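S.K.: There's a structure below that I have some questions on.
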Amino acid sequence: QVQLVESGGGLVQAGGSLRLSCTASGSIFNIIAMGWYRQAPGKQRELVADITSGGRTNYADSVKGRFTISGDNAKNTVNLQMNSLKPEDAAVYYCNAEKIGRHYWGQGTQVTVSS
């Protein structure tokens, strides 16, 4: 099992910034990617950004140029720097770790953006 602990959510005004962090522990070998998903009320969970163990990144079109994902393999952490936040970015953000054929999830952290 992989345990994921998230931190860094909160309330911010539109145009502001937040930084999310996620630390993995447990059976962390063979993790091929880590990333962040989000789910707003009444909507499906969607990929925000992810990063492979080799450092390749992938972003949702809606966050390109505003969000930056980074990882530290030595510390088993992944961070999401979110700038120029918009009200539509408000959601519960979930950390994800992927192994071949399986995904692990954190408990989620709330991001609220006031207009």
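Going by the structure tokens order, chains are called A, B, ..., each with residues numbered from 1, while ligands are numbered from 1 in the order shown.
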Within chain A, find each residue whose DSSP state, derived from the backbone, is strand (DSSP E), and express the selection as an NGL selection string.

M.R.: :A and (2-7 or 10-13 or 18-26 or 33-39 or 46-52 or 57-59 or 67-72 or 77-82 or 91-99 or 102-105 or 109-114)

S.K.: A:Tyr93: which residues within 10 Å, counting only C-alpha atoms, same-chain residues fewer than 5 positions away excluded, as a ChimeraX atom specification?

M.R.: /A:6-7,9,20,36-40,45-48,106-111

S.K.: Identify, with DSSP run on backbone atoms, the residues in stretch 26-95 of chain A assigned to helix (DSSP H, G or I), and express the list as JSON, numbers by chain.

M.R.: {"A": [61, 62, 63, 87, 88, 89]}

S.K.: Generate a file of the selected residues that holds N, CA and C atoms, formatted as a CSV table (one decimal), in the first residue's frame.

M.R.:
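Ended up saving to part.csv:
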```
chain,number,residue,atom,x,y,z
A,61,ASP,N,-5.2,21.5,-20.0
A,61,ASP,CA,-5.1,22.7,-20.7
A,61,ASP,C,-5.5,23.9,-19.9
A,62,SER,N,-6.5,23.7,-19.0
A,62,SER,CA,-7.0,24.8,-18.2
A,62,SER,C,-6.0,25.4,-17.2
A,63,VAL,N,-4.9,24.7,-16.9
A,63,VAL,CA,-4.0,25.2,-15.9
A,63,VAL,C,-2.6,25.5,-16.5
A,87,PRO,N,-11.7,31.5,-9.8
A,87,PRO,CA,-12.8,30.8,-9.1
A,87,PRO,C,-13.1,29.4,-9.6
A,88,GLU,N,-12.9,29.2,-10.9
A,88,GLU,CA,-13.2,27.8,-11.4
A,88,GLU,C,-12.1,26.8,-11.0
A,89,ASP,N,-11.1,27.2,-10.4
A,89,ASP,CA,-10.1,26.3,-9.9
A,89,ASP,C,-10.5,25.7,-8.5
```

S.K.: Can you work out which one of A:Lys86, A:Leu4, A:Asn79, A:Ser70 has the shortest atom-to-atom distance to A:Gly54, counting only C-alpha atoms?

M.R.: A:Ser70

S.K.: Using only C-alpha atoms, which of A:Arg56, A:Lys75, A:Lys64, A:Lys43 sits nearest A:Ala91?

M.R.: A:Lys43

S.K.: I want to know what sits within 10 Å of A:Thr52, based on only C-alpha atoms, with residues of the same chain fewer than 3 positions away left out; could you give that as a list in words?

M.R.: Ile31, Ile32, Ala33, Met34, Gly35, Gly55, Arg56, Thr57, Asn58, Ser70, Gly71, Ala97 and Glu98 of chain A

S.K.: Keeping only N, CA, C and O atoms, write the selected residues as a short mmCIF file (atom, residue, chain, number, x, y, z; two decimals), in the first residue's frame.

M.R.:
```cif
data_model
loop_
_atom_site.label_atom_id
_atom_site.label_comp_id
_atom_site.auth_asym_id
_atom_site.auth_seq_id
_atom_site.Cartn_x
_atom_site.Cartn_y
_atom_site.Cartn_z
N ILE A 31 6.62 3.20 -8.17
CA ILE A 31 5.70 4.28 -8.55
C ILE A 31 6.20 4.86 -9.86
O ILE A 31 7.36 5.24 -9.98
N ILE A 32 5.33 4.94 -10.86
CA ILE A 32 5.74 5.43 -12.17
C ILE A 32 5.38 6.88 -12.40
O ILE A 32 5.95 7.55 -13.27
N ALA A 33 4.42 7.38 -11.62
CA ALA A 33 4.04 8.79 -11.75
C ALA A 33 3.28 9.22 -10.51
O ALA A 33 2.66 8.40 -9.83
N MET A 34 3.35 10.50 -10.24
CA MET A 34 2.52 11.10 -9.19
C MET A 34 1.89 12.36 -9.76
O MET A 34 2.43 12.98 -10.70
N GLY A 35 0.77 12.71 -9.20
CA GLY A 35 0.11 13.89 -9.75
C GLY A 35 -1.01 14.38 -8.88
O GLY A 35 -1.21 13.91 -7.75
N GLY A 55 10.57 12.52 -14.71
CA GLY A 55 10.50 13.97 -14.73
C GLY A 55 9.64 14.59 -15.82
O GLY A 55 9.55 15.81 -15.94
N ARG A 56 8.98 13.75 -16.61
CA ARG A 56 8.12 14.30 -17.66
C ARG A 56 6.82 14.78 -17.04
O ARG A 56 6.21 14.09 -16.23
N THR A 57 6.39 15.97 -17.43
CA THR A 57 5.18 16.57 -16.86
C THR A 57 4.06 16.64 -17.88
O THR A 57 4.29 16.67 -19.10
N ASN A 58 2.85 16.69 -17.34
CA ASN A 58 1.66 16.76 -18.17
C ASN A 58 0.65 17.65 -17.43
O ASN A 58 0.49 17.49 -16.21
N SER A 70 6.09 19.73 -9.54
CA SER A 70 7.49 19.35 -9.36
C SER A 70 7.55 18.18 -8.41
O SER A 70 6.65 17.98 -7.59
N GLY A 71 8.60 17.41 -8.55
CA GLY A 71 8.74 16.23 -7.70
C GLY A 71 10.13 16.11 -7.15
O GLY A 71 11.09 16.61 -7.74
N ALA A 97 -0.84 8.61 -6.76
CA ALA A 97 0.38 7.87 -7.10
C ALA A 97 -0.02 6.69 -7.96
O ALA A 97 -0.99 6.01 -7.65
N GLU A 98 0.72 6.48 -9.01
CA GLU A 98 0.37 5.44 -9.97
C GLU A 98 1.45 4.38 -10.05
O GLU A 98 2.64 4.70 -10.19
#
```

S.K.: Can you pull out the residues contacting A:Asn73? Cut-off 9 Å, using only C-alpha atoms, and skip same-chain residues under 4 positions away; I want them as a list in words.

M.R.: Ser53, Thr77 and Val78 of chain A

S.K.: Quick one: write out the picked residues with N, CA, C and O atoms as a PDB file, in the first residue's frame?

M.R.:
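Here's the written file result.pdb:
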```
ATOM      1  N   SER A  53       8.227   9.407 -13.034  1.00  0.00           N
ATOM      2  CA  SER A  53       9.452   9.206 -12.254  1.00  0.00           C
ATOM      3  C   SER A  53      10.680   9.712 -13.012  1.00  0.00           C
ATOM      4  O   SER A  53      11.697  10.030 -12.401  1.00  0.00           O
ATOM      5  N   THR A  77       8.097  13.251  -2.623  1.00  0.00           N
ATOM      6  CA  THR A  77       7.098  14.306  -2.572  1.00  0.00           C
ATOM      7  C   THR A  77       6.789  14.826  -3.967  1.00  0.00           C
ATOM      8  O   THR A  77       7.614  14.738  -4.891  1.00  0.00           O
ATOM      9  N   VAL A  78       5.605  15.373  -4.093  1.00  0.00           N
ATOM     10  CA  VAL A  78       5.214  16.071  -5.307  1.00  0.00           C
ATOM     11  C   VAL A  78       4.503  17.347  -4.878  1.00  0.00           C
ATOM     12  O   VAL A  78       3.718  17.345  -3.924  1.00  0.00           O
TER      13      VAL A  78
END
```

S.K.: Have a look at A:Ser84, A:Trp105, A:Asn96, A:Ile51 and name the one nearest to A:Val12; count only C-alpha atoms.

M.R.: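 Closest candidate: A:Ser84.
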
S.K.: Would you mind listing what lies within 12 Å of A:Ala74 as a ChimeraX atom specification, with only C-alpha atoms counted and same-chain residues fewer than 6 positions away left out?

M.R.: /A:23-25,28-29,53

S.K.: Mind writing the picked residues with C-alpha atoms as an mmCIF file, in the first residue's frame?

M.R.:
```
data_model
loop_
_atom_site.group_PDB
_atom_site.id
_atom_site.type_symbol
_atom_site.label_atom_id
_atom_site.label_comp_id
_atom_site.auth_asym_id
_atom_site.auth_seq_id
_atom_site.Cartn_x
_atom_site.Cartn_y
_atom_site.Cartn_z
ATOM 1 C CA THR A 23 4.323 13.007 0.567
ATOM 2 C CA ALA A 24 4.209 9.314 -0.215
ATOM 3 C CA SER A 25 5.115 6.561 2.219
ATOM 4 C CA ILE A 28 6.654 3.422 -2.703
ATOM 5 C CA PHE A 29 8.791 1.285 -4.981
ATOM 6 C CA SER A 53 9.452 9.206 -12.254
#
```

S.K.: When you draw a straight line from atom CA of A:Leu85 to atom CA of A:Thr112, how long is it in Å?

M.R.: 9.5 Å

S.K.: Using only C-alpha atoms, find the one residue out of A:Ala90, A:Leu80, A:Ile69, A:Val113 that sits nearest to A:Gly8.

M.R.: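 Using only C-alpha atoms, A:Gly8 sits closest to A:Leu80.
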
S.K.: From the list A:Ala60, A:Leu18, A:Ala49, A:Val2, which residue is nearest A:Gln81 when using only C-alpha atoms?

M.R.: A:Leu18
